[in-house]
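Engineer: First the structure, which I've put down as structure tokens, then a few questions once you've had a look.
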There are 2 protein chains.
Amino acid sequence: MAMVNSNSLFSLNGQPVADSLPLSLLSDRGLAYGHGLFESILLNQSQLRLVDRHLSRFADGANALDIPIESTVILQYVNSFVDQLKAESVSEGVVKVMVTAGIGGRGYKSPKRVEPTVICSYSNLPEDISYYRTQPLSVRFCQHRLSANQPLAGIKHLNRLDQIVARNEWRCENYDEGLMFNQSNCLVEAISANVFIKNNSGQWITPCLKEVGVAGVMRSVMIEEIFPACEIPVSISQISRDELIQSQVLLTCNSIRGLASVGSMYNHQNQWVKSLPIDQQTLMLRKKLIELYPQYQ
Amino acid sequence: MAMVNSNSLFSLNGQPVADSLPLSLLSDRGLAYGHGLFESILLNQSQLRLVDRHLSRFADGANALDIPIESTVILQYVNSFVDQLKAESVSEGVVKVMVTAGIGGRGYKSPKRVEPTVICSYSNLPEDISYYRTQPLSVRFCQHRLSANQPLAGIKHLNRLDQIVARNEWRCENYDEGLMFNQSNCLVEAISANVFIKNNSGQWITPCLKEVGVAGVMRSVMIEEIFPACEIPVSISQISRDELIQSQVLLTCNSIRGLASVGSMYNHQNQWVKSLPIDQQTLMLRKKLIELYPQYQ
């Protein structure tokens, strides 16, 4: 795998940018207000994996934020960026795509004609990716809570201070992920992943994200393809903190790392809560995921 | 007043930027996550008005978002920018200052050593500023609600999608401002301003912002200086939608426009709710504000 400096490869509206950026970027609504969206897409063997699902989430988000852009335009820019990477002998890594509401408007009001900005950037795969895919994770309950915000729920927008505040609750290397709860103490998601539990009765559940949370691409793959292919029922429901603590299994997933299982839980005071095993169904789910999507092996 | 293109004057970390920007800005945490703060400061007779209060809010916000920056550094950069404006014969307008958590980190996690980015930009005074200061405004209730988020309440961070969604609820020119409510239907603020009401019993109240909202610079001037100087009591309390509708007077304020009075309220279905007079106490407050801060006349 070619190792490229993660700050060295970019494109702006489909054009490679090598040296400098236009001054207008300082007036971009993405920077000013977080008025935009992003997707982190796995680049594997020069292929953008699950790109249709990422584009579909872009479409939902663009609709919610009044950003008029066709998926075909985003795809064209992203494909050009992959060609740019190929020319640099880069075939593996993460392609991050940001789509913002561009420049203009008077304060918060969008301009009459929004001209979106599309930024592609490359970074290497996370160094610890094989650890995540194979070793049981250690997770910590975050003190910072998510608030219900139905019009913004599900989409991957650029307003990510909740995740920043939660992630900066700890500085040590003891934890691989943080679990985030809503104001009613129900589990919503991990900071950078969605979650599935197998509860005390053996039922698989993932939290409902209609009021708050990011509806992840890998979450939808799990719900729509992997659980059904394994003939394991999974439901979307509320998960109380008690139900989480009593759960038999806890999995996290995202589109870069795939599926990861949690081995131990700690609360926000860094007290050990419980250890969790890797069960047979988890092994089945992981095997099926790798069978259908070998990029996650 | 010199009229300068609002996109033409910038500084980055205290240095004027004339032509282009460093590529690193595409990796800035301000753009990626809205991990940063901003202030819009009134430039009047080449003076940054109420700059101490703006710097104080920067300090509170930087603390909340783990951005290590001294107020003296921000002030130095902003003062250099004012010199830059003077050299262009610009003495009136709005100086917007953004302070972000800079580049780096792994995903949401801040880098070990945060090196903040400070961006100054200039824009002309809003064209309608004298209208706001002298004519009764027409305001509309926003349908989009604010959610409680105590750790982020009060500060002026770069996560402004709530304001964007609320402001984009209407496209017509009928309304000058939108009023925003929390999940319990209590008044929080206007989209770009704080609010004061004189309720049905003649008491002046401004909403409590400990759970949600932006604690404005002009709001603090009103509470700490203008109301006391007029010997008019004002309290900080919850304001229900009913109390708002029954109020005798409604004022909005921000540090660019100063104080504005509302003449008519409409609900989110664009139905007329009520008309409001300008009372003697409002005239006293406005007179006192202009006496102490002539920039708002």
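In the structure tokens, each chain is lettered A, B, ... as it comes, each chain's residues begin at 1, and ligands are numbered from 1 in order of appearance.
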Just need the residues of chain B within 6 Å of chain A, counting only C-alpha atoms, so spit them out as a list in words.

Structural biologist: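 Contact residues on the first chain: Ser20, Leu21, Pro22, Leu23, Gly30, Leu31, Tyr33, Gly34, Tyr108, Lys109, Ser147, Leu158, Asn159, Arg160, Ile164 and Arg167 of chain B.
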
Engineer: Okay, now the selection with N, CA and C atoms, as a PDB file, in the first residue's frame?

Structural biologist:
ATOM      1  N   SER B  20      -4.300  33.751  -2.065  1.00  0.00           N
ATOM      2  CA  SER B  20      -4.629  32.336  -1.950  1.00  0.00           C
ATOM      3  C   SER B  20      -4.403  31.870  -0.523  1.00  0.00           C
ATOM      4  N   LEU B  21      -4.875  30.673  -0.247  1.00  0.00           N
ATOM      5  CA  LEU B  21      -4.826  30.114   1.106  1.00  0.00           C
ATOM      6  C   LEU B  21      -3.995  28.842   1.114  1.00  0.00           C
ATOM      7  N   PRO B  22      -3.416  28.512   2.273  1.00  0.00           N
ATOM      8  CA  PRO B  22      -2.692  27.243   2.348  1.00  0.00           C
ATOM      9  C   PRO B  22      -3.646  26.064   2.245  1.00  0.00           C
ATOM     10  N   LEU B  23      -3.164  25.011   1.623  1.00  0.00           N
ATOM     11  CA  LEU B  23      -3.943  23.800   1.405  1.00  0.00           C
ATOM     12  C   LEU B  23      -4.456  23.209   2.718  1.00  0.00           C
ATOM     13  N   GLY B  30     -12.287  23.388  12.052  1.00  0.00           N
ATOM     14  CA  GLY B  30     -13.416  24.311  11.914  1.00  0.00           C
ATOM     15  C   GLY B  30     -14.318  23.891  10.763  1.00  0.00           C
ATOM     16  N   LEU B  31     -13.710  23.584   9.627  1.00  0.00           N
ATOM     17  CA  LEU B  31     -14.472  23.142   8.455  1.00  0.00           C
ATOM     18  C   LEU B  31     -14.985  21.714   8.640  1.00  0.00           C
ATOM     19  N   TYR B  33     -15.638  19.860  11.354  1.00  0.00           N
ATOM     20  CA  TYR B  33     -16.589  19.539  12.424  1.00  0.00           C
ATOM     21  C   TYR B  33     -17.275  20.754  13.030  1.00  0.00           C
ATOM     22  N   GLY B  34     -16.955  21.956  12.551  1.00  0.00           N
ATOM     23  CA  GLY B  34     -17.432  23.155  13.243  1.00  0.00           C
ATOM     24  C   GLY B  34     -16.777  23.289  14.602  1.00  0.00           C
ATOM     25  N   TYR B 108     -12.542  12.642  15.431  1.00  0.00           N
ATOM     26  CA  TYR B 108     -13.082  13.636  16.352  1.00  0.00           C
ATOM     27  C   TYR B 108     -12.100  14.015  17.457  1.00  0.00           C
ATOM     28  N   LYS B 109     -11.161  13.140  17.748  1.00  0.00           N
ATOM     29  CA  LYS B 109     -10.210  13.408  18.830  1.00  0.00           C
ATOM     30  C   LYS B 109      -9.283  14.570  18.477  1.00  0.00           C
ATOM     31  N   SER B 147     -32.642  22.442  20.861  1.00  0.00           N
ATOM     32  CA  SER B 147     -32.577  21.392  21.879  1.00  0.00           C
ATOM     33  C   SER B 147     -31.623  21.817  22.984  1.00  0.00           C
ATOM     34  N   LEU B 158     -19.292  27.236  16.011  1.00  0.00           N
ATOM     35  CA  LEU B 158     -19.496  27.182  14.562  1.00  0.00           C
ATOM     36  C   LEU B 158     -20.536  26.137  14.135  1.00  0.00           C
ATOM     37  N   ASN B 159     -21.220  25.532  15.076  1.00  0.00           N
ATOM     38  CA  ASN B 159     -22.298  24.564  14.735  1.00  0.00           C
ATOM     39  C   ASN B 159     -23.612  25.328  14.678  1.00  0.00           C
ATOM     40  N   ARG B 160     -23.975  25.820  13.546  1.00  0.00           N
ATOM     41  CA  ARG B 160     -25.122  26.724  13.442  1.00  0.00           C
ATOM     42  C   ARG B 160     -26.236  26.199  12.556  1.00  0.00           C
ATOM     43  N   ILE B 164     -29.536  27.907  10.619  1.00  0.00           N
ATOM     44  CA  ILE B 164     -29.686  27.795   9.157  1.00  0.00           C
ATOM     45  C   ILE B 164     -31.063  27.224   8.804  1.00  0.00           C
ATOM     46  N   ARG B 167     -33.749  29.778   9.622  1.00  0.00           N
ATOM     47  CA  ARG B 167     -33.777  30.944   8.730  1.00  0.00           C
ATOM     48  C   ARG B 167     -34.269  30.570   7.340  1.00  0.00           C
TER      49      ARG B 167
END

Engineer: For Gln238 in chain A, please output as a PyMOL selection string all residues within 10 Å (counting only C-alpha atoms; exclusion window: fewer than 6 positions along the same chain).

Structural biologist: chain A and resi 186-188+205-209

Engineer: Kindly save the residues from that selection, with N, CA and C atoms included, as a compact mmCIF listing (two decimals), in the first residue's frame.

Structural biologist:
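So the final result, stored in selection.txt, reads:
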# COMPACT_ATOMS: atom_id res chain seq x y z
N CYS A 186 -30.92 6.78 27.08
CA CYS A 186 -30.97 5.64 26.16
C CYS A 186 -29.75 5.68 25.25
N LEU A 187 -29.25 4.51 24.90
CA LEU A 187 -28.10 4.39 24.01
C LEU A 187 -28.48 4.87 22.61
N VAL A 188 -27.62 5.69 21.99
CA VAL A 188 -27.89 6.18 20.63
C VAL A 188 -26.91 5.57 19.63
N ILE A 205 -30.81 -5.86 18.79
CA ILE A 205 -31.47 -4.55 18.67
C ILE A 205 -30.43 -3.49 18.31
N THR A 206 -30.83 -2.54 17.48
CA THR A 206 -30.02 -1.34 17.22
C THR A 206 -30.91 -0.13 17.51
N PRO A 207 -30.33 0.94 18.07
CA PRO A 207 -31.19 2.08 18.46
C PRO A 207 -31.89 2.74 17.28
N CYS A 208 -33.07 3.22 17.54
CA CYS A 208 -33.83 4.03 16.58
C CYS A 208 -33.15 5.39 16.47
N LEU A 209 -32.97 5.89 15.24
CA LEU A 209 -32.23 7.15 15.04
C LEU A 209 -33.11 8.23 14.42

Engineer: Could you pull out the residues in range 114-235 of chain A that DSSP calls helix (DSSP H, G or I) from the backbone, as a PyMOL selection string?

Structural biologist: chain A and resi 129-134+150-152+161-167+217-229

Engineer: Find the spatial neighbours of Ser255 in chain B, counting only C-alpha atoms, within a cut-off of 9 Å - ignore same-chain residues fewer than 4 positions away - and output them as a PyMOL selection string.

Structural biologist: chain B and resi 40-42+49-50+193+216-219+259+296

Engineer: Limited to N, CA and C atoms, could you put the picked residues into a file as a compact mmCIF listing (two decimals), in the first residue's frame?

Structural biologist:
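Result file follows (selection_3.txt):
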# COMPACT_ATOMS: atom_id res chain seq x y z
N SER B 40 -18.85 38.40 15.61
CA SER B 40 -19.02 39.48 14.63
C SER B 40 -18.94 40.79 15.40
N ILE B 41 -17.91 41.57 15.12
CA ILE B 41 -17.62 42.75 15.93
C ILE B 41 -17.86 44.01 15.10
N LEU B 42 -18.54 44.98 15.71
CA LEU B 42 -18.83 46.24 15.01
C LEU B 42 -17.57 47.08 14.92
N ARG B 49 -15.81 47.92 18.55
CA ARG B 49 -16.68 48.25 19.67
C ARG B 49 -16.99 47.01 20.51
N LEU B 50 -17.02 47.17 21.80
CA LEU B 50 -17.33 46.10 22.77
C LEU B 50 -16.39 44.91 22.64
N ALA B 193 -30.19 37.26 17.15
CA ALA B 193 -30.27 38.28 18.20
C ALA B 193 -30.82 37.65 19.47
N GLY B 216 -25.62 36.70 24.08
CA GLY B 216 -25.11 37.77 23.23
C GLY B 216 -24.41 38.87 24.02
N VAL B 217 -23.47 39.50 23.32
CA VAL B 217 -22.72 40.63 23.88
C VAL B 217 -23.68 41.79 24.18
N MET B 218 -24.59 42.10 23.27
CA MET B 218 -25.51 43.22 23.50
C MET B 218 -26.51 42.88 24.61
N ARG B 219 -26.87 41.60 24.70
CA ARG B 219 -27.74 41.18 25.81
C ARG B 219 -27.08 41.51 27.15
N LEU B 259 -30.22 47.84 19.39
CA LEU B 259 -31.53 47.49 19.91
C LEU B 259 -32.59 47.71 18.84
N TYR B 296 -24.50 53.11 18.02
CA TYR B 296 -25.80 52.49 17.68
C TYR B 296 -26.86 53.49 17.28

Engineer: Mind checking which residues fall within 10 Å of Tyr266 in chain A, counting only C-alpha atoms, ignoring those fewer than 4 positions away in the same chain, and posting them as an MDAnalysis selection string?

Structural biologist: chainID A and resid 138:142 174:175 178:179 270:275

Engineer: Counting only C-alpha atoms, which of B:Arg133, B:Lys86, B:Arg57, B:Arg241 gets nearest to Gly258 in chain B?

Structural biologist: B:Arg133

Engineer: Name the residues of range 68-259 of chain B that fall into strand (DSSP E or B) according to DSSP on the backbone, using the chain letters and numbers of this document, as a ChimeraX atom specification.

Structural biologist: /B:93-100,103,106,109,117-123,137-141,146,154,157,177-182,186-190,193-198,204-207,214,234-237,240,249-254,258-259

Engineer: With distances taken over only C-alpha atoms, which residue among A:His268, A:Arg53, A:Leu137, A:Gly154 lies nearest Lys210 in chain A?

Structural biologist: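 Of A:His268, A:Arg53, A:Leu137, A:Gly154, the one nearest Lys210 in chain A is A:Gly154, counting only C-alpha atoms.
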
Engineer: Given the choices B:Leu43, B:Ile245, B:Val118, B:Leu48, which gets closest to Glu70 in chain B if the distance is worked out from only C-alpha atoms?

Structural biologist: B:Val118

Engineer: Taking only C-alpha atoms into account, which of A:Ser235, A:Thr282, A:Asn63, A:Gln47 comes nearest Val82 in chain A?

Structural biologist: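 Checking each candidate against Val82 in chain A, we get A:Gln47 as the closest.
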
Engineer: Taking into account only C-alpha atoms, which residue in the set B:Glu211, B:Phe196, B:Ala101, B:Pro68 is nearest to Ala153 in chain B?

Structural biologist: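 Checking each candidate against Ala153 in chain B, we get B:Glu211 as the closest.
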
Engineer: Figure out the distance between CA of Asn124 in chain A and CA of Ser46 in chain A, please, to one decimal in Å.

Structural biologist: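 Answer for the CA of Ser46 in chain A to CA of Asn124 in chain A separation: 12.9 Å.
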
Engineer: Could you jot down the CA of Ile278 in chain B to CA of Asp242 in chain B separation for me, Å, one decimal place?

Structural biologist: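 CA of Ile278 in chain B sits 20.2 Å away from CA of Asp242 in chain B.
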
Engineer: Could you give me, as a PDB file with N, CA and C atoms, in the first residue's frame, the residues within 10 Å of Ser261 in chain B, counting only C-alpha atoms and dropping anything in the same chain fewer than 2 positions from it?

Structural biologist:
ATOM      1  N   TYR B 132     -33.381  48.618  10.906  1.00  0.00           N
ATOM      2  CA  TYR B 132     -33.479  47.833  12.141  1.00  0.00           C
ATOM      3  C   TYR B 132     -33.459  48.708  13.375  1.00  0.00           C
ATOM      4  N   ARG B 133     -32.655  49.756  13.329  1.00  0.00           N
ATOM      5  CA  ARG B 133     -32.486  50.586  14.519  1.00  0.00           C
ATOM      6  C   ARG B 133     -33.652  51.545  14.745  1.00  0.00           C
ATOM      7  N   THR B 134     -34.474  51.769  13.709  1.00  0.00           N
ATOM      8  CA  THR B 134     -35.501  52.817  13.846  1.00  0.00           C
ATOM      9  C   THR B 134     -36.929  52.340  13.579  1.00  0.00           C
ATOM     10  N   GLN B 135     -37.099  51.291  12.793  1.00  0.00           N
ATOM     11  CA  GLN B 135     -38.454  50.873  12.410  1.00  0.00           C
ATOM     12  C   GLN B 135     -38.874  49.629  13.196  1.00  0.00           C
ATOM     13  N   PRO B 136     -40.162  49.517  13.512  1.00  0.00           N
ATOM     14  CA  PRO B 136     -40.615  48.300  14.187  1.00  0.00           C
ATOM     15  C   PRO B 136     -40.471  47.074  13.266  1.00  0.00           C
ATOM     16  N   LEU B 137     -39.893  46.016  13.822  1.00  0.00           N
ATOM     17  CA  LEU B 137     -39.635  44.808  13.023  1.00  0.00           C
ATOM     18  C   LEU B 137     -40.870  43.920  12.955  1.00  0.00           C
ATOM     19  N   SER B 138     -40.861  43.099  11.935  1.00  0.00           N
ATOM     20  CA  SER B 138     -41.864  42.053  11.791  1.00  0.00           C
ATOM     21  C   SER B 138     -41.152  40.715  12.038  1.00  0.00           C
ATOM     22  N   VAL B 195     -33.414  38.384  22.891  1.00  0.00           N
ATOM     23  CA  VAL B 195     -34.728  39.034  23.014  1.00  0.00           C
ATOM     24  C   VAL B 195     -35.011  39.428  24.466  1.00  0.00           C
ATOM     25  N   PHE B 196     -35.798  40.481  24.580  1.00  0.00           N
ATOM     26  CA  PHE B 196     -36.350  40.930  25.859  1.00  0.00           C
ATOM     27  C   PHE B 196     -37.846  41.139  25.649  1.00  0.00           C
ATOM     28  N   ILE B 197     -38.648  40.713  26.631  1.00  0.00           N
ATOM     29  CA  ILE B 197     -40.073  41.047  26.559  1.00  0.00           C
ATOM     30  C   ILE B 197     -40.454  41.888  27.780  1.00  0.00           C
ATOM     31  N   VAL B 249     -44.446  44.346  25.020  1.00  0.00           N
ATOM     32  CA  VAL B 249     -43.338  44.855  24.197  1.00  0.00           C
ATOM     33  C   VAL B 249     -42.377  43.696  23.932  1.00  0.00           C
ATOM     34  N   LEU B 250     -41.778  43.689  22.762  1.00  0.00           N
ATOM     35  CA  LEU B 250     -40.748  42.696  22.432  1.00  0.00           C
ATOM     36  C   LEU B 250     -39.588  43.423  21.763  1.00  0.00           C
ATOM     37  N   LEU B 251     -38.387  43.244  22.343  1.00  0.00           N
ATOM     38  CA  LEU B 251     -37.183  43.868  21.774  1.00  0.00           C
ATOM     39  C   LEU B 251     -36.202  42.782  21.338  1.00  0.00           C
ATOM     40  N   THR B 252     -35.447  43.061  20.298  1.00  0.00           N
ATOM     41  CA  THR B 252     -34.330  42.180  19.939  1.00  0.00           C
ATOM     42  C   THR B 252     -33.049  43.011  19.989  1.00  0.00           C
ATOM     43  N   CYS B 253     -31.927  42.347  20.214  1.00  0.00           N
ATOM     44  CA  CYS B 253     -30.670  43.093  20.240  1.00  0.00           C
ATOM     45  C   CYS B 253     -29.517  42.210  19.798  1.00  0.00           C
ATOM     46  N   LEU B 259     -30.216  47.840  19.391  1.00  0.00           N
ATOM     47  CA  LEU B 259     -31.533  47.488  19.913  1.00  0.00           C
ATOM     48  C   LEU B 259     -32.594  47.707  18.839  1.00  0.00           C
ATOM     49  N   GLY B 263     -42.652  45.170  15.935  1.00  0.00           N
ATOM     50  CA  GLY B 263     -43.965  45.780  15.733  1.00  0.00           C
ATOM     51  C   GLY B 263     -45.056  44.760  15.489  1.00  0.00           C
ATOM     52  N   SER B 264     -44.678  43.620  14.943  1.00  0.00           N
ATOM     53  CA  SER B 264     -45.713  42.611  14.710  1.00  0.00           C
ATOM     54  C   SER B 264     -45.124  41.199  14.721  1.00  0.00           C
ATOM     55  N   LEU B 276     -47.507  45.126  18.265  1.00  0.00           N
ATOM     56  CA  LEU B 276     -46.929  45.584  19.523  1.00  0.00           C
ATOM     57  C   LEU B 276     -46.535  47.053  19.377  1.00  0.00           C
ATOM     58  N   PRO B 277     -46.752  47.833  20.430  1.00  0.00           N
ATOM     59  CA  PRO B 277     -46.407  49.258  20.364  1.00  0.00           C
ATOM     60  C   PRO B 277     -44.940  49.483  20.756  1.00  0.00           C
ATOM     61  N   ILE B 278     -44.434  50.649  20.525  1.00  0.00           N
ATOM     62  CA  ILE B 278     -43.166  51.086  21.112  1.00  0.00           C
ATOM     63  C   ILE B 278     -43.536  51.920  22.324  1.00  0.00           C
ATOM     64  N   ASP B 279     -43.154  51.459  23.498  1.00  0.00           N
ATOM     65  CA  ASP B 279     -43.582  52.173  24.705  1.00  0.00           C
ATOM     66  C   ASP B 279     -42.505  53.150  25.190  1.00  0.00           C
ATOM     67  N   THR B 282     -39.131  51.625  26.217  1.00  0.00           N
ATOM     68  CA  THR B 282     -38.285  51.271  25.068  1.00  0.00           C
ATOM     69  C   THR B 282     -37.526  52.499  24.569  1.00  0.00           C
ATOM     70  N   LEU B 283     -38.244  53.620  24.510  1.00  0.00           N
ATOM     71  CA  LEU B 283     -37.588  54.858  24.062  1.00  0.00           C
ATOM     72  C   LEU B 283     -36.466  55.257  25.022  1.00  0.00           C
ATOM     73  N   ARG B 286     -33.505  52.855  24.485  1.00  0.00           N
ATOM     74  CA  ARG B 286     -32.803  53.171  23.236  1.00  0.00           C
ATOM     75  C   ARG B 286     -31.966  54.441  23.388  1.00  0.00           C
TER      76      ARG B 286
END

Engineer: What is the distance, in Å and to one decimal place, between CA of Glu291 in chain A and CA of Glu127 in chain A?

Structural biologist: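 Distance between the two atoms: 23.2 Å.
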